[in-house]
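Chemist: I have a structure I would like to understand better, so I am pasting it below and will then ask my questions one at a time.
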Amino acid sequence: MVAKRNRRTDRGTDRWRAVAATAAGALPALAFPVPALWWFVYVALAPWMLLLRSAPTGRRAALEGWLGGAGFIVAVHHWLLPSLHVFLVPLAALLGLLWIPWALLVRELLGGAPGAGRAGAALVLVPAGWLLSELARSWPGLGGPWGLLGASQWQVVPALRVASVGGVWLVSLLVVAVNCAVVLLVAVEGARVPAVAGLAGCAVLTGAVWLGAPRPVVAGTLRVAVVQPGPVAGAAGAERRFAAGERLTGELAGQPLDLVVWGESSVGADLAARPDLARRLAALSAGTGAPLLVNVDARGADRPGIYKSAVLVGPRGPTGDRYDKMRLVPFGEYVPARALLGWVTSVGRAAGEDRRRGSAQVVMDLPARPDGRPGVRLGPLVCFESAFPDMSRHLTRRGAGLLVVQSATSTFQDSWAPAQHASLAALRAAENGRPVVHATLTGISGVHGPSGERVGPALPTSASTAVVYEVPLARGSTFYARFGDWPVVVALAALAVYCAVEGVRRLRRPVPGPTAPPARTVRG
């Protein structure tokens with residue numbers, strides 16, 4: 001009877017822990033837009049980590065790491081429900097597996113009563129383990145690097161300075177290190193000295209970056225108009241959207257401009273197949289005195305399939321500069337393994353036909369400006385691609401002085417998605433020391449300067465307007481633009497050393513010999 005009661009109690013505890021792990025994993029989502037409680041992220045992981053360190057077995061820690069990871073994915077990406085419906089749950093369950101190694105590290109290094117040495121190792125290895133999960137899910141086939149923990153700090157100036165040195169990856173490492181120190185302070189009395197030392201180390205590193213990292217040197221400005229037509233519904237949506245963009249752009253005539261940017265899918269037909277649209281765009285360029293960067297979402301007249309392409313148009317028509325989107329949104333623009341998963345199109349808004357991928361990134365040359373200054377080199381990105389740090393860095397290293405993101409999040413208009421997407425522009429600007437223009441069809445549009453600072457007003461999802469921004473240009477290079485993802489290399493090296501040391505230690509552990517049978521006593 002007692003044993004049965006104990007089993008029921010254990011099952012009840014296990015269920016409670018499972019629910020708690022899922023909820024705790026979801027907490028960091030509150031640090032991202034729209035709530036944007038950026039300060040909360042520095043303690044948001046602590047409840048989950050406290051649960052993991054108390055897991056009775058490694059198997060239990062793995063389960064709670066998986067559940068917490070799935071909870072995090074659902075919370076950060078809950079706005080995908082209109083498109084994926086219930087398919088979001090198995091997708092989150094799949095991605096949640098990526099947090100199992102991190103959960104095992106937390107239990108191994110923070111469980112029990114770690115001494116100073118183990119606590120110090122935890123302050124390095126637990127953040128490295130978290131970065132491993134972020135790196136794995138950053139693969140485009142798994143959804144890409146949306147919701148990286150460091151991205152929650154897009155409006156925090158010291159964090160943007162850190163991003164200029166080590167990208168969003170270094171910011172993530174520091175955020176997890178602070179959470180790890182908080183757990184040590186709260187739960188491990190004997191590890192408070194290394195915990196305080198860890199917090200001090202994070203503060204010193206941030207201060208050193210603030211004082212010593214090279215800052216972008218502002219070198220002139222560029223007058224850029226962002227055209228945001230606003231929501232357009234109905235069967236003739238593409239034509240009406242084009243007409244709205246045309247009207248708003250026409251109202252800019254008479255203002256000195258260097259560039260006009262339209263959002264993603266702003267042109268719904270191939271310009272070679274519709275020369276009338278090309279002529280209308282050329283007339284707008286001539287009327288405003290500036291080239292137009294539009295985005296064509298259409299089946300090509302000279303090639304099979306549908307592409308999303310950034311196209312530069314001058315007063316004489318398309319200039320020949322064209323960039324085809326390379327990294328597509330899973331399910332939104334293509335269905336991975338369509339033969340196996342094609343059924344999702346019947347339960348959600350998954351792509352009925354796969355878009356085609358571009359083959360290479362492109363840097364476009366804007367014409368010389370009226371005052372004789374040379375034209376700026378432009379690096380285009382399309383929507384989802386602004387989430388990938390390597391793409392904007394590649395454009396910067398190829399000479400882009402201005403990064404432009406063309407986006408459309410109208411499918412998720414009333415959700416957290418537009419704000420989350422717009423916030424990425426600040427990080428990409430700070431990482432590369434280059435201004436970023438984020439132009440959308442339906443909001444949120446905005447501009448960030450070369451240090452990640454906001455330039456001018458953000459255009460909300462309710463706006464239908466065209467706004468001219470004085471965009472500060474910059475010269476020089478950031479540490480991150482020069483050296484790339486070095487924090488990832490350091491984190492992986494630390495994990496490799498730890499695994500090697502643990503492997504050697506286990507190999508050297510004495511193997512227990514066979515147990516001798518009990519002696520028998522013969523009684524006469």
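Chains: A, B, ... in order of the structure tokens. Residues: from 1 per chain. Ligands: from 1, in order shown.
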Using DSSP assignments from the backbone, pull out every residue in segment 120-329 of chain A that falls under strand (DSSP E or B) and give it to me as a PyMOL selection string.

Modeler: chain A and resi 217-228+259-261+267+292-299+306-314+317-324

Chemist: Mind dumping the selected residues with N, CA and C atoms as a short mmCIF file (atom, residue, chain, number, x, y, z; two decimals), in the first residue's frame?

Modeler:
data_model
loop_
_atom_site.label_atom_id
_atom_site.label_comp_id
_atom_site.auth_asym_id
_atom_site.auth_seq_id
_atom_site.Cartn_x
_atom_site.Cartn_y
_atom_site.Cartn_z
N VAL A 217 32.27 55.65 -38.01
CA VAL A 217 32.49 57.08 -38.22
C VAL A 217 31.48 57.55 -39.26
N VAL A 218 30.58 58.43 -38.86
CA VAL A 218 29.55 58.92 -39.78
C VAL A 218 30.20 59.75 -40.88
N ALA A 219 29.82 59.42 -42.13
CA ALA A 219 30.40 60.09 -43.29
C ALA A 219 29.29 60.43 -44.27
N GLY A 220 28.56 61.48 -43.98
CA GLY A 220 27.51 61.92 -44.87
C GLY A 220 26.18 61.23 -44.60
N THR A 221 25.19 61.62 -45.38
CA THR A 221 23.85 61.06 -45.24
C THR A 221 23.29 60.71 -46.61
N LEU A 222 22.24 59.92 -46.58
CA LEU A 222 21.53 59.51 -47.79
C LEU A 222 20.04 59.73 -47.53
N ARG A 223 19.37 60.38 -48.46
CA ARG A 223 17.93 60.61 -48.30
C ARG A 223 17.17 59.44 -48.94
N VAL A 224 16.56 58.65 -48.08
CA VAL A 224 15.87 57.43 -48.52
C VAL A 224 14.39 57.54 -48.16
N ALA A 225 13.53 57.28 -49.13
CA ALA A 225 12.09 57.26 -48.89
C ALA A 225 11.62 55.83 -48.77
N VAL A 226 10.87 55.55 -47.71
CA VAL A 226 10.27 54.23 -47.50
C VAL A 226 8.78 54.35 -47.81
N VAL A 227 8.32 53.51 -48.72
CA VAL A 227 6.92 53.53 -49.15
C VAL A 227 6.21 52.33 -48.54
N GLN A 228 5.23 52.60 -47.71
CA GLN A 228 4.46 51.54 -47.03
C GLN A 228 2.97 51.71 -47.40
N LEU A 259 17.11 57.54 -52.99
CA LEU A 259 16.60 56.19 -53.18
C LEU A 259 15.17 56.11 -52.65
N VAL A 260 14.34 55.34 -53.35
CA VAL A 260 12.99 55.04 -52.89
C VAL A 260 12.88 53.52 -52.76
N VAL A 261 12.38 53.05 -51.61
CA VAL A 261 12.33 51.61 -51.35
C VAL A 261 10.88 51.18 -51.16
N VAL A 267 5.51 44.28 -56.27
CA VAL A 267 5.16 44.15 -57.68
C VAL A 267 4.78 42.70 -57.92
N LEU A 292 14.33 53.45 -57.87
CA LEU A 292 13.40 52.72 -57.01
C LEU A 292 13.92 51.30 -56.82
N LEU A 293 13.91 50.83 -55.57
CA LEU A 293 14.18 49.42 -55.31
C LEU A 293 12.84 48.77 -55.00
N VAL A 294 12.33 47.99 -55.94
CA VAL A 294 11.05 47.31 -55.76
C VAL A 294 11.30 45.83 -55.56
N ASN A 295 10.25 45.09 -55.28
CA ASN A 295 10.39 43.65 -55.07
C ASN A 295 9.34 42.93 -55.89
N VAL A 296 9.81 42.10 -56.82
CA VAL A 296 8.93 41.38 -57.74
C VAL A 296 8.71 39.97 -57.21
N ASP A 297 7.44 39.62 -57.03
CA ASP A 297 7.06 38.28 -56.57
C ASP A 297 6.19 37.68 -57.66
N ALA A 298 6.83 36.99 -58.60
CA ALA A 298 6.08 36.54 -59.78
C ALA A 298 6.83 35.43 -60.50
N ARG A 299 6.11 34.75 -61.36
CA ARG A 299 6.71 33.76 -62.23
C ARG A 299 7.49 34.47 -63.33
N ILE A 306 8.65 30.56 -59.54
CA ILE A 306 8.37 31.86 -58.95
C ILE A 306 9.56 32.27 -58.09
N TYR A 307 10.01 33.50 -58.30
CA TYR A 307 11.10 34.06 -57.52
C TYR A 307 10.61 35.31 -56.79
N LYS A 308 11.26 35.61 -55.66
CA LYS A 308 11.09 36.92 -55.02
C LYS A 308 12.39 37.68 -55.25
N SER A 309 12.29 38.80 -55.95
CA SER A 309 13.49 39.47 -56.43
C SER A 309 13.47 40.96 -56.12
N ALA A 310 14.59 41.45 -55.56
CA ALA A 310 14.81 42.88 -55.43
C ALA A 310 15.32 43.40 -56.76
N VAL A 311 14.62 44.39 -57.32
CA VAL A 311 14.94 44.90 -58.66
C VAL A 311 15.11 46.41 -58.57
N LEU A 312 16.22 46.92 -59.11
CA LEU A 312 16.48 48.34 -59.12
C LEU A 312 15.98 48.94 -60.44
N VAL A 313 15.18 50.00 -60.34
CA VAL A 313 14.57 50.63 -61.51
C VAL A 313 14.99 52.10 -61.55
N GLY A 314 15.50 52.53 -62.72
CA GLY A 314 15.87 53.92 -62.92
C GLY A 314 14.91 54.61 -63.87
N GLY A 317 14.00 52.59 -66.87
CA GLY A 317 13.50 51.24 -66.63
C GLY A 317 14.45 50.44 -65.76
N PRO A 318 14.23 49.12 -65.66
CA PRO A 318 15.12 48.29 -64.83
C PRO A 318 16.58 48.43 -65.25
N THR A 319 17.44 48.60 -64.24
CA THR A 319 18.86 48.84 -64.52
C THR A 319 19.63 47.57 -64.83
N GLY A 320 19.03 46.44 -64.56
CA GLY A 320 19.73 45.17 -64.71
C GLY A 320 20.20 44.61 -63.39
N ASP A 321 20.18 45.44 -62.31
CA ASP A 321 20.55 44.96 -60.98
C ASP A 321 19.37 44.19 -60.39
N ARG A 322 19.61 42.95 -60.04
CA ARG A 322 18.53 42.09 -59.54
C ARG A 322 19.11 41.11 -58.54
N TYR A 323 18.39 40.93 -57.45
CA TYR A 323 18.78 39.93 -56.45
C TYR A 323 17.60 39.01 -56.18
N ASP A 324 17.80 37.71 -56.35
CA ASP A 324 16.77 36.71 -56.08
C ASP A 324 16.95 36.16 -54.67
#

Chemist: Residues at most 10 Å from Glu246 of chain A, counting only C-alpha atoms, excluding those fewer than 2 positions away in the same chain, as a PDB file with N, CA, C and O atoms, in the first residue's frame?

Modeler:
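To be explicit, this is the file written out as result.pdb:
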ATOM      1  N   VAL A 227       8.318  53.508 -48.718  1.00  0.00           N
ATOM      2  CA  VAL A 227       6.920  53.531 -49.147  1.00  0.00           C
ATOM      3  C   VAL A 227       6.206  52.327 -48.541  1.00  0.00           C
ATOM      4  O   VAL A 227       6.570  51.183 -48.819  1.00  0.00           O
ATOM      5  N   PRO A 229       2.463  50.941 -48.369  1.00  0.00           N
ATOM      6  CA  PRO A 229       1.084  51.149 -48.832  1.00  0.00           C
ATOM      7  C   PRO A 229       0.017  50.748 -47.834  1.00  0.00           C
ATOM      8  O   PRO A 229      -1.108  51.239 -47.900  1.00  0.00           O
ATOM      9  N   ARG A 240      -3.841  46.476 -56.817  1.00  0.00           N
ATOM     10  CA  ARG A 240      -4.178  47.571 -55.904  1.00  0.00           C
ATOM     11  C   ARG A 240      -2.974  47.964 -55.058  1.00  0.00           C
ATOM     12  O   ARG A 240      -2.769  49.145 -54.764  1.00  0.00           O
ATOM     13  N   ARG A 241      -2.184  46.978 -54.675  1.00  0.00           N
ATOM     14  CA  ARG A 241      -0.972  47.266 -53.900  1.00  0.00           C
ATOM     15  C   ARG A 241       0.003  48.094 -54.743  1.00  0.00           C
ATOM     16  O   ARG A 241       0.608  49.058 -54.254  1.00  0.00           O
ATOM     17  N   PHE A 242       0.166  47.718 -56.011  1.00  0.00           N
ATOM     18  CA  PHE A 242       1.044  48.475 -56.898  1.00  0.00           C
ATOM     19  C   PHE A 242       0.526  49.904 -57.050  1.00  0.00           C
ATOM     20  O   PHE A 242       1.301  50.878 -56.993  1.00  0.00           O
ATOM     21  N   ALA A 243      -0.781  50.040 -57.235  1.00  0.00           N
ATOM     22  CA  ALA A 243      -1.367  51.376 -57.420  1.00  0.00           C
ATOM     23  C   ALA A 243      -1.172  52.237 -56.180  1.00  0.00           C
ATOM     24  O   ALA A 243      -0.895  53.446 -56.283  1.00  0.00           O
ATOM     25  N   ALA A 244      -1.308  51.630 -54.987  1.00  0.00           N
ATOM     26  CA  ALA A 244      -1.111  52.387 -53.747  1.00  0.00           C
ATOM     27  C   ALA A 244       0.340  52.838 -53.628  1.00  0.00           C
ATOM     28  O   ALA A 244       0.626  53.991 -53.263  1.00  0.00           O
ATOM     29  N   LEU A 248       1.632  56.831 -53.553  1.00  0.00           N
ATOM     30  CA  LEU A 248       2.447  57.368 -52.463  1.00  0.00           C
ATOM     31  C   LEU A 248       3.802  57.844 -52.965  1.00  0.00           C
ATOM     32  O   LEU A 248       4.329  58.871 -52.504  1.00  0.00           O
ATOM     33  N   THR A 249       4.383  57.116 -53.921  1.00  0.00           N
ATOM     34  CA  THR A 249       5.681  57.522 -54.469  1.00  0.00           C
ATOM     35  C   THR A 249       5.549  58.804 -55.274  1.00  0.00           C
ATOM     36  O   THR A 249       6.426  59.686 -55.212  1.00  0.00           O
ATOM     37  N   GLY A 250       4.449  58.928 -56.009  1.00  0.00           N
ATOM     38  CA  GLY A 250       4.234  60.150 -56.782  1.00  0.00           C
ATOM     39  C   GLY A 250       4.163  61.382 -55.912  1.00  0.00           C
ATOM     40  O   GLY A 250       4.568  62.481 -56.335  1.00  0.00           O
ATOM     41  N   GLU A 251       3.689  61.230 -54.697  1.00  0.00           N
ATOM     42  CA  GLU A 251       3.580  62.370 -53.781  1.00  0.00           C
ATOM     43  C   GLU A 251       4.950  62.854 -53.298  1.00  0.00           C
ATOM     44  O   GLU A 251       5.052  63.919 -52.691  1.00  0.00           O
ATOM     45  N   TRP A 262      10.478  50.159 -51.906  1.00  0.00           N
ATOM     46  CA  TRP A 262       9.190  49.506 -51.713  1.00  0.00           C
ATOM     47  C   TRP A 262       9.416  48.186 -50.972  1.00  0.00           C
ATOM     48  O   TRP A 262      10.519  47.635 -50.967  1.00  0.00           O
ATOM     49  N   ARG A 280       5.722  52.457 -65.853  1.00  0.00           N
ATOM     50  CA  ARG A 280       5.165  53.248 -64.745  1.00  0.00           C
ATOM     51  C   ARG A 280       6.213  53.452 -63.651  1.00  0.00           C
ATOM     52  O   ARG A 280       6.318  54.537 -63.056  1.00  0.00           O
ATOM     53  N   LEU A 281       6.986  52.414 -63.370  1.00  0.00           N
ATOM     54  CA  LEU A 281       8.048  52.536 -62.368  1.00  0.00           C
ATOM     55  C   LEU A 281       9.138  53.494 -62.846  1.00  0.00           C
ATOM     56  O   LEU A 281       9.661  54.298 -62.062  1.00  0.00           O
ATOM     57  N   ALA A 283       8.737  55.995 -64.822  1.00  0.00           N
ATOM     58  CA  ALA A 283       8.197  57.353 -64.710  1.00  0.00           C
ATOM     59  C   ALA A 283       8.278  57.856 -63.278  1.00  0.00           C
ATOM     60  O   ALA A 283       8.566  59.041 -63.033  1.00  0.00           O
ATOM     61  N   LEU A 284       8.043  56.972 -62.312  1.00  0.00           N
ATOM     62  CA  LEU A 284       8.169  57.365 -60.911  1.00  0.00           C
ATOM     63  C   LEU A 284       9.616  57.725 -60.578  1.00  0.00           C
ATOM     64  O   LEU A 284       9.880  58.699 -59.854  1.00  0.00           O
TER      65      LEU A 284
END

Chemist: Excluding Val34 of chain A and residues on its chain fewer than 4 positions from it, collect all residues at most 9 Å away from it, counting only C-alpha atoms, and give them as a PyMOL selection string.

Modeler: chain A and resi 30+415-420

Chemist: Pull the alpha helix (DSSP H) assignments for segment 177-408 of chain A out of DSSP run on the backbone, and list those residues as a ChimeraX atom specification.

Modeler: /A:177-187,192-212,237-250,275-288,338-341,389-397

Chemist: What gap, in Å, lies between atom CA of Leu403 of chain A and atom CA of Phe479 of chain A?

Modeler: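 According to the coordinates, atom CA of Leu403 of chain A and atom CA of Phe479 of chain A are separated by 17.8 Å.
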
Chemist: Kindly indicate which residue among A:Ala493, A:Val124, A:Leu135, A:Ala21 lies nearest to Trp169 of chain A, using only C-alpha atoms for the distances.

Modeler: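 Counting only C-alpha atoms, the residue closest to Trp169 of chain A is A:Leu135.
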
Chemist: Please indicate the distance in Å from atom CA of Leu45 of chain A to atom CA of Val176 of chain A, rounded to one decimal place.

Modeler: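 Atom CA of Val176 of chain A lies 7.5 Å from atom CA of Leu45 of chain A.
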
Chemist: Residues near Leu109 of chain A, anyone? I mean within 9 Å using only C-alpha atoms, not counting same-chain ones fewer than 5 positions away, as a VMD selection string.

Modeler: chain A and resid 53 104 114 118 to 119 121 to 122 125 to 126

Chemist: Save the residues we just selected, all heavy atoms, as a compact mmCIF listing (two decimals), in the first residue's frame?

Modeler:
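Output file part.txt follows:
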# COMPACT_ATOMS: atom_id res chain seq x y z
N ARG A 53 18.53 21.54 -12.68
CA ARG A 53 19.60 21.13 -11.76
C ARG A 53 19.09 20.18 -10.67
O ARG A 53 19.86 19.44 -10.07
CB ARG A 53 20.26 22.36 -11.11
CG ARG A 53 19.43 23.08 -10.08
CD ARG A 53 20.21 24.24 -9.44
NE ARG A 53 21.32 23.77 -8.64
CZ ARG A 53 21.23 23.42 -7.36
NH1 ARG A 53 20.06 23.47 -6.73
NH2 ARG A 53 22.29 23.01 -6.70
N LEU A 104 21.33 18.66 -20.06
CA LEU A 104 22.23 17.72 -19.40
C LEU A 104 23.44 18.45 -18.81
O LEU A 104 23.93 18.09 -17.72
CB LEU A 104 22.68 16.64 -20.39
CG LEU A 104 21.56 15.71 -20.89
CD1 LEU A 104 22.09 14.79 -21.98
CD2 LEU A 104 20.99 14.89 -19.74
N PRO A 114 27.89 22.22 -6.31
CA PRO A 114 29.14 22.39 -7.04
C PRO A 114 30.13 23.27 -6.29
O PRO A 114 29.75 24.27 -5.68
CB PRO A 114 28.70 23.05 -8.36
CG PRO A 114 27.40 23.72 -8.02
CD PRO A 114 26.75 22.84 -7.00
N ARG A 118 33.76 23.71 -10.38
CA ARG A 118 32.63 23.31 -11.23
C ARG A 118 31.72 24.50 -11.52
O ARG A 118 31.18 24.63 -12.61
CB ARG A 118 31.85 22.18 -10.55
CG ARG A 118 30.73 21.60 -11.39
CD ARG A 118 30.52 20.12 -11.12
NE ARG A 118 30.14 19.84 -9.76
CZ ARG A 118 28.87 19.61 -9.37
NH1 ARG A 118 27.89 19.64 -10.24
NH2 ARG A 118 28.61 19.32 -8.11
N ALA A 119 31.56 25.39 -10.54
CA ALA A 119 30.73 26.58 -10.76
C ALA A 119 31.36 27.48 -11.82
O ALA A 119 30.67 28.03 -12.69
CB ALA A 119 30.56 27.35 -9.46
N ALA A 121 33.34 26.49 -14.22
CA ALA A 121 33.16 25.83 -15.52
C ALA A 121 31.74 26.03 -16.04
O ALA A 121 31.52 26.22 -17.24
CB ALA A 121 33.47 24.35 -15.38
N ALA A 122 30.76 26.01 -15.13
CA ALA A 122 29.37 26.19 -15.53
C ALA A 122 29.15 27.55 -16.17
O ALA A 122 28.38 27.69 -17.13
CB ALA A 122 28.45 26.01 -14.33
N LEU A 125 30.52 26.91 -19.74
CA LEU A 125 29.99 25.81 -20.54
C LEU A 125 28.48 25.84 -20.70
O LEU A 125 27.96 25.44 -21.75
CB LEU A 125 30.43 24.48 -19.93
CG LEU A 125 31.94 24.23 -19.97
CD1 LEU A 125 32.30 23.00 -19.14
CD2 LEU A 125 32.42 24.06 -21.41
N VAL A 126 27.75 26.31 -19.69
CA VAL A 126 26.30 26.38 -19.83
C VAL A 126 25.91 27.39 -20.92
O VAL A 126 25.06 27.09 -21.77
CB VAL A 126 25.63 26.70 -18.47
CG1 VAL A 126 24.16 27.03 -18.66
CG2 VAL A 126 25.78 25.50 -17.54

Chemist: For segment 345-427 of chain A against segment 457-462 of chain A, with a cut-off of 10 Å and counting only C-alpha atoms, what is the closest atom pair and its distance in Å to one decimal for every residue that makes the cut, ordered by chain and number, as a Markdown table?

Modeler:
| residue | atom | partner | partner_atom | distance |
| --- | --- | --- | --- | --- |
| A:Thr409 | CA | A:Thr461 | CA | 9.6 |
| A:Ser410 | CA | A:Thr461 | CA | 8.7 |
| A:Gln413 | CA | A:Thr461 | CA | 7.0 |
| A:Asp414 | CA | A:Thr461 | CA | 8.1 |
| A:Pro418 | CA | A:Thr461 | CA | 7.9 |
| A:Ala419 | CA | A:Pro460 | CA | 9.0 |
| A:Ala422 | CA | A:Ala458 | CA | 9.1 |
